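This is data_4.txt (compact mmCIF, C-alpha atoms).
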# COMPACT_ATOMS: atom_id res chain seq x y z
CA MET Y 26 65.88 107.94 77.65
CA SER Y 27 69.45 109.25 77.56
CA SER Y 28 71.78 108.73 80.50
CA PRO Y 29 72.10 111.67 82.90
CA ALA Y 30 75.47 113.33 82.33
CA LEU Y 31 77.93 113.37 85.20
CA VAL Y 32 79.13 116.90 84.47
CA ARG Y 33 78.88 119.66 81.89
CA PRO Y 34 82.43 119.71 80.46
CA ARG Y 35 84.22 123.04 80.31
CA PRO Y 36 86.73 123.63 77.52
CA ALA Y 37 89.31 125.05 79.94
CA HIS Y 38 90.03 121.62 81.40
CA ARG Y 39 90.95 118.24 80.00
CA ALA Y 40 90.27 114.99 81.81
CA ALA Y 41 94.00 114.21 81.85
CA ASP Y 42 94.72 117.58 83.48
CA LEU Y 43 92.25 116.92 86.28
CA LEU Y 44 93.69 113.48 86.97
CA ALA Y 45 97.24 114.85 86.95
CA ALA Y 46 96.23 117.62 89.37
CA TYR Y 47 94.77 115.23 91.96
CA LEU Y 48 96.54 115.22 95.34
CA PRO Y 49 95.53 113.45 98.58
CA GLY Y 50 92.97 115.63 100.31
CA SER Y 51 91.21 116.42 97.02
CA PHE Y 52 88.03 114.78 95.77
CA TYR Y 53 88.09 113.07 92.38
CA CYS Y 54 85.54 111.09 90.41
CA SER Y 55 85.32 110.06 86.78
CA SER Y 56 83.25 107.84 84.51
CA PRO Y 57 82.25 107.79 80.83
CA ARG Y 58 79.95 110.72 81.69
CA GLY Y 59 82.78 113.03 82.77
CA SER Y 60 85.36 113.96 85.40
CA LEU Y 61 85.23 116.16 88.49
CA LEU Y 62 88.04 117.40 90.74
CA ALA Y 63 87.30 119.37 93.90
CA ASP Y 64 89.80 121.08 96.21
CA GLY Y 65 89.68 122.97 99.47
CA VAL Y 66 86.83 123.17 101.96
CA HIS Y 67 84.27 125.95 101.97
CA ALA Y 68 82.13 124.11 104.53
CA PHE Y 69 81.87 120.73 106.22
CA VAL Y 70 78.52 118.92 105.96
CA ARG Y 71 77.41 117.29 109.21
CA SER Y 72 74.19 115.34 109.45
CA ARG Y 73 72.31 116.10 112.67
CA ASP Y 74 69.22 113.95 112.16
CA GLY Y 75 70.51 111.03 110.09
CA SER Y 76 69.72 112.67 106.75
CA HIS Y 77 72.83 113.52 104.78
CA ALA Y 78 70.68 114.80 101.92
CA ARG Y 79 68.93 117.37 104.12
CA ALA Y 80 72.23 118.55 105.58
CA ALA Y 81 73.71 118.76 102.07
CA ALA Y 82 70.77 120.86 100.82
CA GLU Y 83 71.18 123.29 103.73
CA ALA Y 84 74.94 123.55 103.14
CA LEU Y 85 74.44 124.16 99.42
CA ASP Y 86 71.88 126.91 100.06
CA ALA Y 87 74.26 128.58 102.53
CA ALA Y 88 77.15 128.32 100.07
CA ALA Y 89 75.09 129.94 97.33
CA VAL Y 90 74.16 132.82 99.66
CA ALA Y 91 77.86 133.19 100.50
CA GLY Y 92 78.66 133.61 96.80
CA VAL Y 93 80.13 130.19 95.97
CA GLU Y 94 79.69 129.67 92.23
CA GLU Y 95 77.77 126.49 91.35
CA PRO Y 96 78.31 124.89 94.78
CA VAL Y 97 78.40 121.11 95.14
CA VAL Y 98 78.64 118.66 98.01
CA VAL Y 99 81.21 115.90 97.48
CA GLY Y 100 82.40 112.97 99.56
CA ALA Y 101 81.55 109.58 100.97
CA VAL Y 102 79.15 107.95 103.45
CA GLY Y 103 79.88 104.69 105.30
CA PHE Y 104 77.98 101.45 104.89
CA ARG Y 105 76.08 101.24 108.17
CA PRO Y 106 73.52 103.74 109.51
CA GLY Y 107 75.28 106.19 111.79
CA SER Y 108 78.73 105.25 110.49
CA ALA Y 109 81.34 107.81 109.51
CA SER Y 110 80.81 110.23 106.65
CA SER Y 111 83.07 112.69 104.90
CA LEU Y 112 81.04 115.33 103.05
CA VAL Y 113 82.13 118.87 102.21
CA VAL Y 114 81.28 121.85 100.05
CA PRO Y 115 84.63 122.34 98.30
CA ALA Y 116 86.15 125.75 97.60
CA VAL Y 117 87.08 124.99 93.99
CA VAL Y 118 85.50 122.58 91.50
CA ARG Y 119 86.84 121.74 88.05
CA ARG Y 120 85.03 119.63 85.45
CA ALA Y 121 86.06 117.91 82.25
CA GLY Y 122 85.04 115.12 79.92
CA ALA Y 123 85.62 111.39 80.28
CA PRO Y 124 89.15 110.04 80.84
CA ALA Y 125 91.04 107.98 78.28
CA ALA Y 126 92.75 104.61 78.59
CA GLY Y 127 96.46 103.97 78.86
CA GLY Y 128 99.48 105.94 79.93
CA ALA Y 129 99.83 105.02 83.60
CA ARG Y 130 103.14 103.85 84.98
CA PRO Y 131 103.17 100.34 86.48
CA ALA Y 132 103.30 99.92 90.23
CA ASP Y 133 106.72 100.23 91.85
CA ALA Y 134 108.16 96.71 91.75
CA ARG Y 135 110.58 97.59 94.56
CA THR Y 136 107.77 97.86 97.10
CA ARG Y 137 107.61 94.96 99.54
CA TRP Y 138 104.27 94.02 101.07
CA SER Y 139 102.88 91.98 103.92
CA VAL Y 140 99.34 90.66 103.48
CA THR Y 141 96.96 89.78 106.32
CA PRO Y 142 93.54 88.29 105.42
CA ARG Y 143 90.69 89.09 107.81
CA PRO Y 144 89.25 86.51 108.19
CA GLU Y 145 91.35 83.67 106.86
CA PRO Y 146 89.83 82.11 103.70
CA ALA Y 147 88.65 79.00 105.58
CA ALA Y 148 86.86 81.16 108.16
CA TYR Y 149 85.18 83.16 105.39
CA ALA Y 150 83.91 79.92 103.80
CA ASP Y 151 82.56 78.89 107.20
CA GLY Y 152 80.71 82.22 107.42
CA VAL Y 153 79.10 81.47 104.06
CA ARG Y 154 77.94 78.09 105.44
CA ARG Y 155 76.39 79.83 108.46
CA ALA Y 156 74.63 82.28 106.14
CA LEU Y 157 73.33 79.38 104.04
CA ALA Y 158 71.88 77.83 107.19
CA LEU Y 159 69.93 81.05 107.85
CA ILE Y 160 68.75 81.07 104.25
CA GLY Y 161 67.74 77.41 104.52
CA SER Y 162 65.68 78.22 107.62
CA GLY Y 163 63.64 80.71 105.59
CA ARG Y 164 64.74 83.73 107.61
CA LEU Y 165 66.96 85.20 104.88
CA ASP Y 166 66.71 85.30 101.11
CA LYS Y 167 70.16 86.78 100.51
CA VAL Y 168 73.12 88.23 102.38
CA VAL Y 169 76.31 89.72 101.00
CA LEU Y 170 79.38 88.64 102.96
CA ALA Y 171 82.69 90.42 102.54
CA ARG Y 172 86.23 89.71 103.60
CA CYS Y 173 89.14 92.07 104.12
CA LEU Y 174 92.80 92.17 103.17
CA GLU Y 175 95.11 94.39 105.17
CA LEU Y 176 98.27 95.21 103.23
CA THR Y 177 101.32 96.92 104.66
CA ALA Y 178 104.05 98.31 102.40
CA ASP Y 179 107.65 99.09 103.25
CA ARG Y 180 107.14 102.66 102.01
CA PRO Y 181 104.23 105.14 101.83
CA VAL Y 182 101.66 104.34 99.15
CA ALA Y 183 101.44 107.01 96.43
CA VAL Y 184 97.68 107.53 96.12
CA PRO Y 185 97.83 109.76 92.99
CA SER Y 186 99.76 107.07 91.09
CA LEU Y 187 97.37 104.38 92.31
CA LEU Y 188 94.34 106.41 91.22
CA THR Y 189 95.90 107.05 87.80
CA ARG Y 190 96.49 103.33 87.24
CA LEU Y 191 92.88 102.56 88.18
CA VAL Y 192 91.49 105.20 85.81
CA HIS Y 193 93.69 104.23 82.87
CA ALA Y 194 93.08 100.51 83.36
CA ASP Y 195 89.33 101.00 82.79
CA PRO Y 196 88.05 104.51 81.93
CA ALA Y 197 84.52 103.07 81.76
CA THR Y 198 84.57 102.44 85.49
CA HIS Y 199 83.52 104.87 88.22
CA ALA Y 200 86.90 105.90 89.63
CA PHE Y 201 86.92 107.78 92.91
CA ALA Y 202 89.27 109.23 95.52
CA VAL Y 203 87.84 110.79 98.69
CA ASP Y 204 89.58 112.23 101.74
CA VAL Y 205 88.04 110.30 104.67
CA THR Y 206 90.50 111.41 107.34
CA ALA Y 207 88.83 111.34 110.75
CA PRO Y 208 88.74 114.64 112.68
CA GLY Y 209 91.93 115.01 114.72
CA ASP Y 210 93.76 112.23 112.87
CA PRO Y 211 97.20 113.54 111.82
CA ALA Y 212 97.55 111.01 108.98
CA THR Y 213 95.61 111.47 105.73
CA ARG Y 214 93.28 108.59 104.91
CA THR Y 215 91.95 108.22 101.37
CA LEU Y 216 89.13 106.08 100.03
CA VAL Y 217 90.21 105.21 96.49
CA GLY Y 218 88.90 102.72 93.96
CA ALA Y 219 87.22 101.91 90.67
CA SER Y 220 83.62 100.83 91.21
CA PRO Y 221 81.62 99.12 88.46
CA GLU Y 222 78.30 100.08 90.06
CA LEU Y 223 76.38 103.31 89.62
CA LEU Y 224 73.82 103.59 92.40
CA VAL Y 225 71.99 106.60 90.98
CA ALA Y 226 72.59 109.61 88.73
CA ARG Y 227 70.27 112.54 88.19
CA ARG Y 228 70.18 115.37 85.66
CA GLY Y 229 67.10 117.55 85.73
CA ALA Y 230 64.12 115.22 85.96
CA GLU Y 231 65.97 112.25 84.46
CA VAL Y 232 67.21 109.48 86.75
CA LEU Y 233 69.42 106.48 86.02
CA ALA Y 234 70.24 103.54 88.29
CA ASN Y 235 72.41 100.62 87.18
CA PRO Y 236 72.28 97.80 89.73
CA LEU Y 237 74.70 94.88 89.34
CA ALA Y 238 74.26 91.48 90.96
CA GLY Y 239 75.35 88.08 89.79
CA SER Y 240 79.04 87.85 88.91
CA ALA Y 241 81.66 85.64 87.32
CA PRO Y 242 85.43 86.16 87.05
CA ARG Y 243 87.04 86.76 83.67
CA SER Y 244 89.70 84.37 82.48
CA GLY Y 245 91.72 86.43 80.00
CA ASP Y 246 90.97 83.93 77.20
CA PRO Y 247 88.37 85.38 74.75
CA ALA Y 248 86.66 82.08 74.03
CA GLU Y 249 86.46 81.13 77.69
CA ASP Y 250 85.24 84.60 78.58
CA ARG Y 251 82.41 84.33 76.05
CA ARG Y 252 81.46 80.98 77.59
CA ARG Y 253 81.50 82.43 81.12
CA ALA Y 254 79.41 85.44 80.10
CA ALA Y 255 76.81 83.19 78.46
CA ALA Y 256 76.76 80.88 81.48
CA LEU Y 257 76.25 83.84 83.80
CA LEU Y 258 73.32 85.11 81.76
CA ALA Y 259 71.75 81.62 81.82
CA SER Y 260 72.37 80.98 85.53
CA ALA Y 261 69.13 80.64 87.51
CA LYS Y 262 70.99 81.33 90.76
CA ASP Y 263 72.59 84.52 89.50
CA ARG Y 264 69.45 85.75 87.78
CA GLY Y 265 67.51 85.19 91.00
CA GLU Y 266 70.12 87.16 92.94
CA HIS Y 267 69.93 89.94 90.36
CA ALA Y 268 66.13 90.01 90.49
CA HIS Y 269 66.21 90.78 94.24
CA VAL Y 270 68.26 93.91 93.57
CA VAL Y 271 66.28 95.13 90.57
CA ALA Y 272 62.96 94.69 92.38
CA GLN Y 273 64.06 96.77 95.35
CA VAL Y 274 65.68 99.52 93.26
CA GLY Y 275 62.57 99.74 91.10
CA GLU Y 276 60.29 99.83 94.15
CA VAL Y 277 62.23 102.69 95.75
CA LEU Y 278 62.55 104.81 92.60
CA ALA Y 279 58.84 104.36 91.86
CA ARG Y 280 58.10 106.43 94.98
CA TYR Y 281 59.81 109.44 93.38
CA CYS Y 282 59.20 108.94 89.66
CA ALA Y 283 56.17 109.66 87.51
CA GLY Y 284 57.52 107.25 84.91
CA LEU Y 285 59.93 104.35 85.36
CA HIS Y 286 61.39 101.79 82.99
CA VAL Y 287 62.76 98.56 84.47
CA PRO Y 288 64.23 96.13 81.89
CA ALA Y 289 62.54 92.75 81.80
CA GLU Y 290 65.89 90.98 81.29
CA PRO Y 291 69.41 91.73 82.53
CA GLU Y 292 72.41 92.05 80.25
CA VAL Y 293 76.04 91.09 80.87
CA ILE Y 294 78.66 93.82 81.24
CA GLY Y 295 82.37 93.36 81.83
CA THR Y 296 85.24 94.95 83.69
CA PRO Y 297 88.87 93.90 83.23
CA THR Y 298 88.41 91.34 86.03
CA MET Y 299 84.70 90.41 86.20
CA TRP Y 300 81.44 89.78 84.34
CA HIS Y 301 78.27 91.17 85.96
CA LEU Y 302 74.56 90.94 85.34
CA SER Y 303 73.36 94.51 84.81
CA SER Y 304 70.03 96.34 84.50
CA ARG Y 305 69.81 100.02 83.49
CA ILE Y 306 66.73 101.46 85.20
CA THR Y 307 65.57 104.87 83.99
CA GLY Y 308 62.93 107.20 85.30
CA ARG Y 309 61.51 110.71 85.27
CA LEU Y 310 61.02 112.44 88.61
CA ALA Y 311 57.54 113.51 89.62
CA ASP Y 312 58.88 116.55 91.54
CA PRO Y 313 62.52 117.43 90.78
CA ALA Y 314 62.32 120.38 93.21
CA ASP Y 315 61.65 118.09 96.18
CA PRO Y 316 64.90 117.94 98.25
CA ALA Y 317 64.23 114.24 98.80
CA SER Y 318 64.58 113.78 95.03
CA SER Y 319 68.12 115.17 94.90
CA ALA Y 320 70.81 112.76 93.76
CA LEU Y 321 71.95 112.27 97.36
CA GLY Y 322 68.36 111.96 98.59
CA LEU Y 323 67.71 109.19 96.07
CA ALA Y 324 71.00 107.51 96.98
CA GLU Y 325 70.08 107.49 100.66
CA ALA Y 326 66.65 106.07 99.88
CA LEU Y 327 68.20 103.28 97.80
CA HIS Y 328 71.08 102.41 100.15
CA PRO Y 329 71.81 99.65 100.93
CA THR Y 330 70.56 97.69 97.95
CA PRO Y 331 70.51 93.89 98.05
CA ALA Y 332 73.63 94.02 95.84
CA VAL Y 333 75.73 94.93 98.90
CA CYS Y 334 73.52 93.95 101.84
CA GLY Y 335 70.76 91.39 101.35
CA VAL Y 336 67.06 90.58 101.74
CA PRO Y 337 65.40 91.41 104.08
CA THR Y 338 67.62 94.44 104.64
CA ALA Y 339 67.60 94.74 108.44
CA LEU Y 340 68.29 91.06 109.12
CA ALA Y 341 70.92 90.93 106.37
CA ARG Y 342 72.71 93.93 107.88
CA ASP Y 343 72.64 92.31 111.33
CA THR Y 344 73.97 89.07 109.83
CA ILE Y 345 76.81 90.98 108.20
CA ALA Y 346 77.72 92.55 111.54
CA ASP Y 347 77.66 89.10 113.16
CA LEU Y 348 79.59 87.15 110.52
CA GLU Y 349 82.14 89.72 109.28
CA PRO Y 350 84.99 90.19 111.79
CA GLU Y 351 86.05 93.54 110.29
CA ASP Y 352 83.84 96.62 110.21
CA ARG Y 353 83.21 97.65 106.60
CA GLY Y 354 83.81 101.34 107.19
CA TYR Y 355 83.26 103.05 103.84
CA TYR Y 356 83.29 99.80 101.86
CA ALA Y 357 79.91 99.31 100.10
CA GLY Y 358 78.87 102.80 101.23
CA LEU Y 359 78.34 105.80 98.97
CA ALA Y 360 80.73 108.10 97.10
CA GLY Y 361 79.82 110.95 94.80
CA TRP Y 362 78.52 114.49 94.48
CA THR Y 363 75.31 116.56 94.49
CA GLY Y 364 74.80 120.09 93.18
CA LEU Y 365 72.57 122.97 94.25
CA ASP Y 366 70.01 121.98 91.59
CA GLY Y 367 69.82 118.42 92.94
CA ASP Y 368 71.74 116.91 90.05
CA GLY Y 369 74.62 114.56 90.77
CA GLU Y 370 75.94 111.03 90.78
CA TRP Y 371 76.51 108.51 93.56
CA ILE Y 372 78.21 105.17 93.19
CA ILE Y 373 78.59 102.23 95.55
CA ALA Y 374 82.11 102.24 96.98
CA LEU Y 375 83.32 98.88 95.65
CA ARG Y 376 86.66 97.65 94.23
CA GLY Y 377 88.39 100.14 96.48
CA ALA Y 378 90.48 100.53 99.59
CA GLU Y 379 91.24 102.90 102.43
CA VAL Y 380 94.86 104.01 102.14
CA CYS Y 381 96.78 105.59 105.02
CA ASP Y 382 100.55 106.04 104.71
CA ARG Y 383 101.90 102.47 104.28
CA THR Y 384 98.62 100.65 104.99
CA VAL Y 385 95.97 99.61 102.46
CA ARG Y 386 92.73 98.07 103.71
CA LEU Y 387 90.45 96.57 101.06
CA HIS Y 388 87.25 94.51 101.01
CA ALA Y 389 85.48 92.28 98.53
CA GLY Y 390 82.10 90.60 98.93
CA ALA Y 391 79.86 87.99 97.34
CA GLY Y 392 76.11 87.53 97.45
CA VAL Y 393 75.03 84.38 99.27
CA VAL Y 394 71.70 82.89 98.17
CA ALA Y 395 70.15 79.43 98.14
CA GLY Y 396 72.42 77.27 96.01
CA SER Y 397 75.59 79.23 96.79
CA ASP Y 398 78.79 77.26 97.24
CA PRO Y 399 81.28 78.45 99.91
CA ALA Y 400 84.26 77.72 97.67
CA GLY Y 401 82.61 79.58 94.80
CA GLU Y 402 81.85 82.64 96.92
CA LEU Y 403 85.44 82.66 98.18
CA ALA Y 404 86.67 82.52 94.58
CA GLU Y 405 84.38 85.40 93.66
CA THR Y 406 85.85 87.63 96.37
CA THR Y 407 89.34 86.68 95.23
CA ALA Y 408 88.49 87.76 91.68
CA LYS Y 409 87.03 91.04 92.91
CA PHE Y 410 90.19 91.87 94.87
CA ALA Y 411 92.08 91.75 91.56
CA THR Y 412 91.11 95.30 90.53
CA MET Y 413 92.97 96.87 93.43
CA LEU Y 414 95.71 94.25 93.68
CA ARG Y 415 96.63 94.71 90.01
CA ALA Y 416 96.87 98.46 90.52
CA LEU Y 417 99.14 97.88 93.52
CA GLY Y 418 101.32 95.38 91.62
CA LEU Y 419 100.10 92.57 93.87
CA GLU Y 420 97.94 90.42 91.61
CA GLY Y 421 97.52 86.96 93.09
CA ALA Y 422 98.01 88.10 96.71
CA ALA Y 423 94.40 87.27 97.69

Write-out of the structure in structure tokens:
Amino acid sequence: MSSPALVRPRPAHRAADLLAAYLPGSFYCSSPRGSLLADGVHAFVRSRDGSHARAAAEALDAAAVAGVEEPVVVGAVGFRPGSASSLVVPAVVRRAGAPAAGGARPADARTRWSVTPRPEPAAYADGVRRALALIGSGRLDKVVLARCLELTADRPVAVPSLLTRLVHADPATHAFAVDVTAPGDPATRTLVGASPELLVARRGAEVLANPLAGSAPRSGDPAEDRRRAAALLASAKDRGEHAHVVAQVGEVLARYCAGLHVPAEPEVIGTPTMWHLSSRITGRLADPADPASSALGLAEALHPTPAVCGVPTALARDTIADLEPEDRGYYAGLAGWTGLDGDGEWIIALRGAEVCDRTVRLHAGAGVVAGSDPAGELAETTAKFATMLRALGLEGAA
């Protein structure tokens, strides 16, 4: 089965043009399947009953009646149930093909930063030990614990330049920039990043999910990287962690699909900073016209997967709230788009940050399972911070 396309490219626009046209307040996303830039607000999408998908469907129908051409809903949804969301029907949408590598200017070396870890590394390792105690008691199978870095610059952070560096560093990633400014807040807040993880994409009746779980940092040395990739694929711990995620994603999609293919074995995929165990799950929807089968409906049904939360879900989410001192906000939530026909793409908001004026707030997490080592999980979060820190010119600050 072919992968659902992100967009249908239009000759009038090039991917580079869309990226160059991005300004804070716009919505941007790109991947190997295409690029999308949305500007202006035709309508805000507010969930009244906890279902963002239902509210999005109503907003899209109203936009079509109002004469909006090919309306879409774009934006982001926070990690926890009832947390903040930022979803709109934009006034203007432009589409293009996939972006290309290279060409971004390096980060401004003149910028001076202060870095505050929340919690301190030792406290994060202690949280992992507490999670391992819960796992050892049999109450939990897995929980994903994250830590936060709060960075403050001596000048405002240029989000368009940051986004451009992220896209050009790895065009194969799912780059995103979403305006998540709270109502009444005078300062623009942007969720920006380069996630490796597609939660779900839909085109017509075809569905693709690509869960990642089980990770290892890259070294920069080709021989060592080959060794690490092979070790990751052979790791019983990491394969067990990955199996939790694949089982849940497959179980959820099976409710909506007449046919579903779940790979028997994971493969290893790489980003510039990490190796990940990956499984591409494909399916064909039983009823594509069902609003619950829209891209956002499927994303809501899948979220949160064990890749960002844990098993069992409710207890893992409560454990996260207890052990993480900083609220996740949009970290590990959803970012993406859905069209009137139900097609769209939603990714998990990872390898990103919330940027507001001179402040950058970023998270990184690691899956804790039986056999996890606190020092190893701390090292994994440090490696995952590297995507954003490199783009900011701060590699090594974690």

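Take the candidates Y:Thr344, Y:Thr215, Y:Thr407, Y:Thr198 and check each one against Phe52 in chain Y using all atoms listed in the file; the shortest distance goes to Y:Thr215.
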
Cut-off 12 Å around (59.4, 87.2, 99.2) with only C-alpha atoms: residues as a ChimeraX atom specification: /Y:163-167,265,268-269,272-273,336-337

Selected residue, from Y:Gly92, Y:Gly152, Y:Gly128, Y:Pro115, that lies nearest to Ala346 in chain Y when counting all atoms listed in the file: Y:Gly152

Applying 6 Å and all atoms listed in the file, which residues near range 177-187 of chain Y remain after dropping the ones on its own chain fewer than 5 positions away? List them as an mmCIF file with C-alpha atoms, in the frame of the given file.
data_model
loop_
_atom_site.group_PDB
_atom_site.id
_atom_site.type_symbol
_atom_site.label_atom_id
_atom_site.label_comp_id
_atom_site.auth_asym_id
_atom_site.auth_seq_id
_atom_site.Cartn_x
_atom_site.Cartn_y
_atom_site.Cartn_z
ATOM 1 C CA ARG Y 137 107.610 94.960 99.540
ATOM 2 C CA TRP Y 138 104.270 94.020 101.070
ATOM 3 C CA SER Y 139 102.880 91.980 103.920
ATOM 4 C CA ASP Y 382 100.550 106.040 104.710
ATOM 5 C CA ARG Y 383 101.900 102.470 104.280
ATOM 6 C CA THR Y 384 98.620 100.650 104.990
#

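Atom to atom, CA of Thr307 in chain Y and CA of Glu231 in chain Y stand 7.4 Å apart.
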
Cut-off 12 Å around (60.4, 102.0, 93.3) with all atoms listed in the file: residues as a VMD selection string: chain Y and resid 234 270 to 287 306 to 310 323 326 to 327 330

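When CA of Pro96 in chain Y is paired with CA of Ser60 in chain Y, their separation reads 16.0 Å.
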
Who sits within 12 Å of Ala116 in chain Y, all atoms listed in the file, same chain under 5 positions skipped, as an MDAnalysis selection string: chainID Y and resid 51:52 62:69 85 88:89 91:99

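Relative to CA of Pro297 in chain Y, CA of Arg135 in chain Y is found at 24.8 Å.
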
Taking only residues of range 268-351 of chain Y that have an atom at most 8 Å from an atom of range 73-83 of chain Y, what is each one's shortest atom pair and its distance in Å to one decimal, using only C-alpha atoms, in chain and number order, as a Markdown table?
| residue | atom | partner | partner_atom | distance |
| --- | --- | --- | --- | --- |
| Y:Pro316 | CA | Y:Ala82 | CA | 7.0 |
| Y:Ala317 | CA | Y:Ala78 | CA | 7.2 |
| Y:Ser319 | CA | Y:Ala78 | CA | 7.5 |
| Y:Leu321 | CA | Y:Ala78 | CA | 5.4 |
| Y:Gly322 | CA | Y:Ala78 | CA | 5.0 |
| Y:Glu325 | CA | Y:Ala78 | CA | 7.4 |

Counting only C-alpha atoms, the option among Y:Gly358, Y:Gly245, Y:Pro144, Y:Gly401 closest to Gly107 in chain Y: Y:Gly358

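Taking only C-alpha atoms into account, Arg228 in chain Y lies nearest to Y:Ala314 out of the set Y:Ala314, Y:Ala126, Y:Ala46, Y:Ala357.
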
Repair of range 342-364 of chain Y at the level of N, CA and C atoms, as a tab-separated table (two decimals), in the coordinates of the input:
chain	number	residue	atom	x	y	z
Y	342	ARG	N	71.70	93.04	107.31
Y	342	ARG	CA	72.71	93.93	107.88
Y	342	ARG	C	73.17	93.41	109.23
Y	343	ASP	N	72.25	92.89	110.04
Y	343	ASP	CA	72.64	92.31	111.33
Y	343	ASP	C	73.50	91.06	111.13
Y	344	THR	N	73.17	90.26	110.12
Y	344	THR	CA	73.97	89.07	109.83
Y	344	THR	C	75.37	89.44	109.40
Y	345	ILE	N	75.49	90.48	108.60
Y	345	ILE	CA	76.81	90.98	108.20
Y	345	ILE	C	77.63	91.38	109.42
Y	346	ALA	N	77.01	92.12	110.33
Y	346	ALA	CA	77.72	92.55	111.54
Y	346	ALA	C	78.15	91.35	112.38
Y	347	ASP	N	77.35	90.29	112.36
Y	347	ASP	CA	77.66	89.10	113.16
Y	347	ASP	C	78.74	88.23	112.52
Y	348	LEU	N	78.71	88.11	111.20
Y	348	LEU	CA	79.59	87.15	110.52
Y	348	LEU	C	80.88	87.77	109.97
Y	349	GLU	N	80.92	89.08	109.78
Y	349	GLU	CA	82.14	89.72	109.28
Y	349	GLU	C	82.96	90.24	110.45
Y	350	PRO	N	84.19	89.77	110.63
Y	350	PRO	CA	84.99	90.19	111.79
Y	350	PRO	C	85.50	91.62	111.69
Y	351	GLU	N	85.56	92.18	110.48
Y	351	GLU	CA	86.05	93.54	110.29
Y	351	GLU	C	84.90	94.47	109.91
Y	352	ASP	N	84.83	95.63	110.58
Y	352	ASP	CA	83.84	96.62	110.21
Y	352	ASP	C	84.10	97.09	108.78
Y	353	ARG	N	83.04	97.28	108.00
Y	353	ARG	CA	83.21	97.65	106.60
Y	353	ARG	C	83.70	99.08	106.41
Y	354	GLY	N	83.44	99.95	107.38
Y	354	GLY	CA	83.81	101.34	107.19
Y	354	GLY	C	83.09	101.93	105.99
Y	355	TYR	N	83.85	102.45	105.03
Y	355	TYR	CA	83.26	103.05	103.84
Y	355	TYR	C	83.00	102.02	102.74
Y	356	TYR	N	83.53	100.82	102.88
Y	356	TYR	CA	83.29	99.80	101.86
Y	356	TYR	C	81.79	99.54	101.70
Y	357	ALA	N	81.32	99.53	100.46
Y	357	ALA	CA	79.91	99.31	100.10
Y	357	ALA	C	79.01	100.46	100.56
Y	358	GLY	N	79.63	101.58	100.96
Y	358	GLY	CA	78.87	102.80	101.23
Y	358	GLY	C	78.69	103.60	99.95
Y	359	LEU	N	78.62	104.92	100.09
Y	359	LEU	CA	78.34	105.80	98.97
Y	359	LEU	C	79.51	106.75	98.71
Y	360	ALA	N	79.76	107.06	97.46
Y	360	ALA	CA	80.73	108.10	97.10
Y	360	ALA	C	80.17	108.86	95.91
Y	361	GLY	N	80.33	110.18	95.92
Y	361	GLY	CA	79.82	110.95	94.80
Y	361	GLY	C	79.64	112.41	95.09
Y	362	TRP	N	78.72	113.04	94.36
Y	362	TRP	CA	78.52	114.49	94.48
Y	362	TRP	C	77.07	114.85	94.18
Y	363	THR	N	76.64	115.99	94.73
Y	363	THR	CA	75.31	116.56	94.49
Y	363	THR	C	75.45	118.06	94.36
Y	364	GLY	N	74.76	118.66	93.38
Y	364	GLY	CA	74.80	120.09	93.18
Y	364	GLY	C	73.60	120.80	93.77
